[in-house]
file run_32.cif (mmCIF, C-alpha atoms and all ligand atoms)
data_input
#
loop_
_atom_site.label_atom_id
_atom_site.label_comp_id
_atom_site.auth_asym_id
_atom_site.auth_seq_id
_atom_site.Cartn_x
_atom_site.Cartn_y
_atom_site.Cartn_z
CA MET A 35 4.72 -16.43 -3.23
CA HIS A 36 5.62 -13.02 -1.90
CA GLU A 37 2.02 -11.83 -2.18
CA LEU A 38 1.22 -13.90 0.90
CA ALA A 39 4.10 -12.38 2.85
CA ALA A 40 2.95 -8.92 1.81
CA ALA A 41 -0.66 -9.68 2.76
CA HIS A 42 0.44 -10.95 6.18
CA GLU A 43 2.49 -7.83 6.69
CA LEU A 44 -0.49 -5.58 5.87
CA VAL A 45 -2.92 -7.55 8.03
CA GLU A 46 -0.50 -7.54 10.94
CA ALA A 47 0.03 -3.80 10.65
CA ALA A 48 -3.73 -3.20 10.48
CA CYS A 49 -4.45 -5.45 13.47
CA ASP A 50 -1.73 -3.80 15.47
CA TYR A 51 -3.00 -0.35 14.62
CA ALA A 52 -6.62 -1.28 15.30
CA ARG A 53 -5.74 -2.72 18.70
CA ARG A 54 -3.95 0.46 19.67
CA ALA A 55 -6.96 2.49 18.52
CA GLY A 56 -9.22 0.25 20.60
CA ALA A 57 -11.08 -1.00 17.56
CA LYS A 58 -12.95 -4.28 17.61
CA ARG A 59 -13.13 -4.84 13.90
CA VAL A 60 -11.41 -3.49 10.83
CA SER A 61 -13.70 -2.81 7.90
CA ARG A 62 -11.25 -1.53 5.34
CA LEU A 63 -7.53 -1.34 4.69
CA HIS A 64 -6.05 1.26 2.40
CA CYS A 65 -2.58 0.40 1.29
CA ARG A 66 -0.02 1.74 -1.10
CA ILE A 67 2.10 -0.59 -3.16
CA GLY A 68 4.85 0.61 -5.47
CA SER A 69 5.30 -0.92 -8.90
CA LEU A 70 8.83 -2.12 -8.04
CA ARG A 71 7.23 -4.58 -5.67
CA ALA A 72 5.86 -6.39 -8.73
CA LEU A 73 2.97 -7.74 -6.75
CA ASP A 74 0.06 -9.17 -8.64
CA GLU A 75 -3.06 -7.41 -7.47
CA ARG A 76 -5.31 -10.41 -7.96
CA LEU A 77 -2.92 -12.74 -6.14
CA LEU A 78 -2.55 -10.20 -3.39
CA SER A 79 -6.32 -10.06 -2.92
CA GLU A 80 -6.41 -13.85 -2.69
CA ALA A 81 -3.49 -13.85 -0.27
CA PHE A 82 -5.24 -11.18 1.76
CA GLU A 83 -8.28 -13.44 2.14
CA ILE A 84 -5.99 -16.10 3.61
CA ALA A 85 -3.97 -13.71 5.77
CA ARG A 86 -7.00 -12.03 7.37
CA ARG A 87 -8.54 -15.30 8.61
CA GLY A 88 -9.00 -15.42 12.33
CA THR A 89 -7.97 -11.81 12.80
CA ILE A 90 -10.03 -8.69 13.45
CA CYS A 91 -9.51 -7.94 9.74
CA GLU A 92 -11.53 -11.01 8.82
CA ARG A 93 -14.26 -9.02 7.09
CA ALA A 94 -12.13 -6.15 5.95
CA GLU A 95 -11.93 -4.98 2.40
CA LEU A 96 -8.57 -4.31 0.78
CA ARG A 97 -8.04 -1.13 -1.23
CA ILE A 98 -4.82 -0.93 -3.17
CA GLU A 99 -3.34 2.31 -4.37
CA LYS A 100 -0.43 2.24 -6.78
CA PRO A 101 1.66 5.35 -6.69
CA GLY A 102 3.77 6.32 -9.66
CA MET A 103 7.52 6.01 -9.51
CA THR A 104 9.48 9.23 -9.55
CA CYS A 105 13.03 9.85 -10.61
CA LEU A 106 15.42 12.67 -9.99
CA CYS A 107 17.69 13.31 -12.95
CA PRO A 108 21.36 13.41 -11.85
CA SER A 109 22.28 15.92 -14.58
CA CYS A 110 19.55 18.54 -14.62
CA ARG A 111 17.74 17.76 -11.34
CA GLU A 112 14.47 17.33 -13.21
CA ARG A 113 11.96 15.31 -11.26
CA PHE A 114 9.81 13.10 -13.42
CA GLU A 115 7.53 10.12 -13.28
CA ILE A 116 8.48 6.79 -14.83
CA ARG A 117 5.92 5.61 -17.32
CA GLU A 118 6.08 2.34 -19.20
CA TRP A 119 9.61 1.75 -17.96
CA GLN A 120 11.05 4.73 -19.84
CA TRP A 121 14.08 5.74 -17.81
CA GLU A 122 15.26 8.71 -19.84
CA CYS A 123 14.95 12.17 -18.40
CA PRO A 124 12.31 14.02 -20.48
CA ARG A 125 14.32 17.22 -20.26
CA CYS A 126 17.93 16.27 -21.06
CA GLY A 127 17.69 12.60 -22.03
CA THR A 128 20.04 11.26 -19.33
CA GLU A 129 19.53 7.54 -18.82
CA GLY A 130 19.86 5.25 -15.86
CA VAL A 131 18.53 7.55 -13.19
CA ASP A 132 17.75 6.20 -9.76
CA PRO A 133 14.11 5.82 -8.95
CA MET A 134 12.69 7.26 -5.78
CA GLY A 135 9.87 5.31 -4.38
CA GLY A 136 8.21 2.46 -6.19
CA ASP A 137 9.10 -0.02 -3.47
CA GLU A 138 6.40 1.08 -1.07
CA LEU A 139 4.45 -1.52 0.77
CA GLU A 140 2.58 0.38 3.37
CA LEU A 141 -0.66 0.67 5.14
CA VAL A 142 -2.01 4.16 4.60
CA SER A 143 -5.11 4.02 6.71
CA ILE A 144 -7.74 1.69 8.06
CA GLU A 145 -11.42 2.02 8.73
CA ALA A 146 -12.27 0.38 11.96
CA GLU A 147 -15.24 -0.06 14.21
CA VAL A 148 -14.61 1.34 17.63
CA PRO A 149 -17.26 0.14 20.10
CA ASP A 150 -19.77 2.44 21.82
CA GLU A 151 -18.54 5.90 20.88
CA HIS A 152 -19.41 5.77 17.20
CA SER A 153 -21.71 3.55 15.25
CA SER A 154 -20.02 4.39 11.98
CA PRO A 155 -16.53 3.18 11.16
CA ALA A 156 -13.73 5.50 12.14
CA GLU A 157 -10.99 6.34 9.73
CA CYS A 158 -7.54 5.99 11.23
CA VAL A 159 -4.49 7.30 9.49
CA CYS A 160 -1.53 5.05 10.06
CA GLN A 161 1.42 7.25 10.72
CA GLU A 162 4.16 5.43 12.49
ZN ZN B 1 17.76 15.59 -16.97
#
call {"tool": "encode", "arguments": {"input": "run_32.cif", "output": "structure tokens"}}
result
Amino acid sequence: MHELAAAHELVEAACDYARRAGAKRVSRLHCRIGSLRALDERLLSEAFEIARRGTICERAELRIEKPGMTCLCPSCRERFEIREWQWECPRCGTEGVDPMGGDELELVSIEAEVPDEHSSPAECVCQE
């Protein structure tokens, strides 16, 4: 059940970031998950509901973004996106190119409530 591990990782990162930003509650998590992670979105949402319990992310909403996978062709240096697991370079037809990306599991940003200063949630970009 690696969805639960992934959910814990995201919640932990969000809590950590929120604490550093002085936020009292996280209202939304934006994350990016590459297709190589093979995570089931529905299972991840369920796992997220378990992982967020008792944390400042308890009422947070999870937004998942799935970036495309890009490859760099070793022969012609063409950069292309992998669609439907087609690994051939669209320009020269070379097969078996190494994908770049696709294994992302990262928190992009969070929306958090910072007390006093603002009544509306603040958007924090998570750049480590
Ligand atoms: Zn090529």
call {"tool": "closest_atom_pairs", "arguments": {"input": "run_32.cif", "of": "chain A", "to": "ligand ZN 1 (chain B)", "cutoff": "12 Å", "atoms": "all atoms listed in the file", "output": "JSON lines"}}
result
{"residue": "A:Cys105", "atom": "CA", "partner": "B:ZN1", "partner_atom": "ZN", "distance": 9.8}
{"residue": "A:Leu106", "atom": "CA", "partner": "B:ZN1", "partner_atom": "ZN", "distance": 7.9}
{"residue": "A:Cys107", "atom": "CA", "partner": "B:ZN1", "partner_atom": "ZN", "distance": 4.6}
{"residue": "A:Pro108", "atom": "CA", "partner": "B:ZN1", "partner_atom": "ZN", "distance": 6.6}
{"residue": "A:Ser109", "atom": "CA", "partner": "B:ZN1", "partner_atom": "ZN", "distance": 5.1}
{"residue": "A:Cys110", "atom": "CA", "partner": "B:ZN1", "partner_atom": "ZN", "distance": 4.2}
{"residue": "A:Arg111", "atom": "CA", "partner": "B:ZN1", "partner_atom": "ZN", "distance": 6.0}
{"residue": "A:Glu112", "atom": "CA", "partner": "B:ZN1", "partner_atom": "ZN", "distance": 5.3}
{"residue": "A:Arg113", "atom": "CA", "partner": "B:ZN1", "partner_atom": "ZN", "distance": 8.1}
{"residue": "A:Phe114", "atom": "CA", "partner": "B:ZN1", "partner_atom": "ZN", "distance": 9.1}
{"residue": "A:Trp121", "atom": "CA", "partner": "B:ZN1", "partner_atom": "ZN", "distance": 10.5}
{"residue": "A:Glu122", "atom": "CA", "partner": "B:ZN1", "partner_atom": "ZN", "distance": 7.9}
{"residue": "A:Cys123", "atom": "CA", "partner": "B:ZN1", "partner_atom": "ZN", "distance": 4.7}
{"residue": "A:Pro124", "atom": "CA", "partner": "B:ZN1", "partner_atom": "ZN", "distance": 6.7}
{"residue": "A:Arg125", "atom": "CA", "partner": "B:ZN1", "partner_atom": "ZN", "distance": 5.0}
{"residue": "A:Cys126", "atom": "CA", "partner": "B:ZN1", "partner_atom": "ZN", "distance": 4.1}
{"residue": "A:Gly127", "atom": "CA", "partner": "B:ZN1", "partner_atom": "ZN", "distance": 5.9}
{"residue": "A:Thr128", "atom": "CA", "partner": "B:ZN1", "partner_atom": "ZN", "distance": 5.4}
{"residue": "A:Glu129", "atom": "CA", "partner": "B:ZN1", "partner_atom": "ZN", "distance": 8.4}
{"residue": "A:Gly130", "atom": "CA", "partner": "B:ZN1", "partner_atom": "ZN", "distance": 10.6}
{"residue": "A:Val131", "atom": "CA", "partner": "B:ZN1", "partner_atom": "ZN", "distance": 8.9}
{"residue": "A:Asp132", "atom": "CA", "partner": "B:ZN1", "partner_atom": "ZN", "distance": 11.8}
call {"tool": "write_last_selection", "arguments": {"input": "run_32.cif", "atoms": "C-alpha atoms", "output": "PDB file, in the coordinates of the input"}}
result
ATOM      1  CA  CYS A 105      13.030   9.850 -10.610  1.00  0.00           C
ATOM      2  CA  LEU A 106      15.420  12.670  -9.990  1.00  0.00           C
ATOM      3  CA  CYS A 107      17.690  13.310 -12.950  1.00  0.00           C
ATOM      4  CA  PRO A 108      21.360  13.410 -11.850  1.00  0.00           C
ATOM      5  CA  SER A 109      22.280  15.920 -14.580  1.00  0.00           C
ATOM      6  CA  CYS A 110      19.550  18.540 -14.620  1.00  0.00           C
ATOM      7  CA  ARG A 111      17.740  17.760 -11.340  1.00  0.00           C
ATOM      8  CA  GLU A 112      14.470  17.330 -13.210  1.00  0.00           C
ATOM      9  CA  ARG A 113      11.960  15.310 -11.260  1.00  0.00           C
ATOM     10  CA  PHE A 114       9.810  13.100 -13.420  1.00  0.00           C
ATOM     11  CA  TRP A 121      14.080   5.740 -17.810  1.00  0.00           C
ATOM     12  CA  GLU A 122      15.260   8.710 -19.840  1.00  0.00           C
ATOM     13  CA  CYS A 123      14.950  12.170 -18.400  1.00  0.00           C
ATOM     14  CA  PRO A 124      12.310  14.020 -20.480  1.00  0.00           C
ATOM     15  CA  ARG A 125      14.320  17.220 -20.260  1.00  0.00           C
ATOM     16  CA  CYS A 126      17.930  16.270 -21.060  1.00  0.00           C
ATOM     17  CA  GLY A 127      17.690  12.600 -22.030  1.00  0.00           C
ATOM     18  CA  THR A 128      20.040  11.260 -19.330  1.00  0.00           C
ATOM     19  CA  GLU A 129      19.530   7.540 -18.820  1.00  0.00           C
ATOM     20  CA  GLY A 130      19.860   5.250 -15.860  1.00  0.00           C
ATOM     21  CA  VAL A 131      18.530   7.550 -13.190  1.00  0.00           C
ATOM     22  CA  ASP A 132      17.750   6.200  -9.760  1.00  0.00           C
TER      23      ASP A 132
END
call {"tool": "closest_residue", "arguments": {"input": "run_32.cif", "among": "A:Ala52, A:Leu70, A:Leu63, A:Ala40", "to": "Arg93 (chain A)", "atoms": "only C-alpha atoms"}}
result
A:Leu63
call {"tool": "closest_residue", "arguments": {"input": "run_32.cif", "among": "A:Ile98, A:Ala47, A:Ala57, A:Ile144", "to": "Leu78 (chain A)", "atoms": "all atoms listed in the file"}}
result
A:Ile98
call {"tool": "atom_distance", "arguments": {"input": "run_32.cif", "atom1": "CA of Asp50 (chain A)", "atom2": "CA of Ile90 (chain A)"}}
result
9.8 Å
call {"tool": "closest_residue", "arguments": {"input": "run_32.cif", "among": "A:Met103, A:Ala94, A:Ala55, A:Ala41", "to": "Arg76 (chain A)", "atoms": "all atoms listed in the file"}}
result
A:Ala41
call {"tool": "atom_distance", "arguments": {"input": "run_32.cif", "atom1": "CA of His64 (chain A)", "atom2": "CA of Pro133 (chain A)"}}
result
23.6 Å
call {"tool": "closest_residue", "arguments": {"input": "run_32.cif", "among": "A:Arg54, A:His36, A:Arg117, A:Arg59", "to": "Gly88 (chain A)", "atoms": "only C-alpha atoms"}}
result
A:Arg59
call {"tool": "closest_residue", "arguments": {"input": "run_32.cif", "among": "A:Pro149, A:Asp137, A:Val142, A:Val45", "to": "Ile84 (chain A)", "atoms": "only C-alpha atoms"}}
result
A:Val45
call {"tool": "atom_distance", "arguments": {"input": "run_32.cif", "atom1": "CA of Phe82 (chain A)", "atom2": "CA of Leu96 (chain A)"}}
result
7.7 Å
call {"tool": "residues_around", "arguments": {"input": "run_32.cif", "residues": "Lys100 (chain A)", "least_positions_apart": "4", "cutoff": "8 Å", "atoms": "only C-alpha atoms", "output": "ChimeraX atom specification"}}
result
/A:66-69
call {"tool": "residues_around", "arguments": {"input": "run_32.cif", "residues": "Leu77 (chain A)", "least_positions_apart": "4", "cutoff": "8 Å", "atoms": "only C-alpha atoms", "output": "JSON, numbers by chain"}}
result
{"A": [37, 73, 81]}
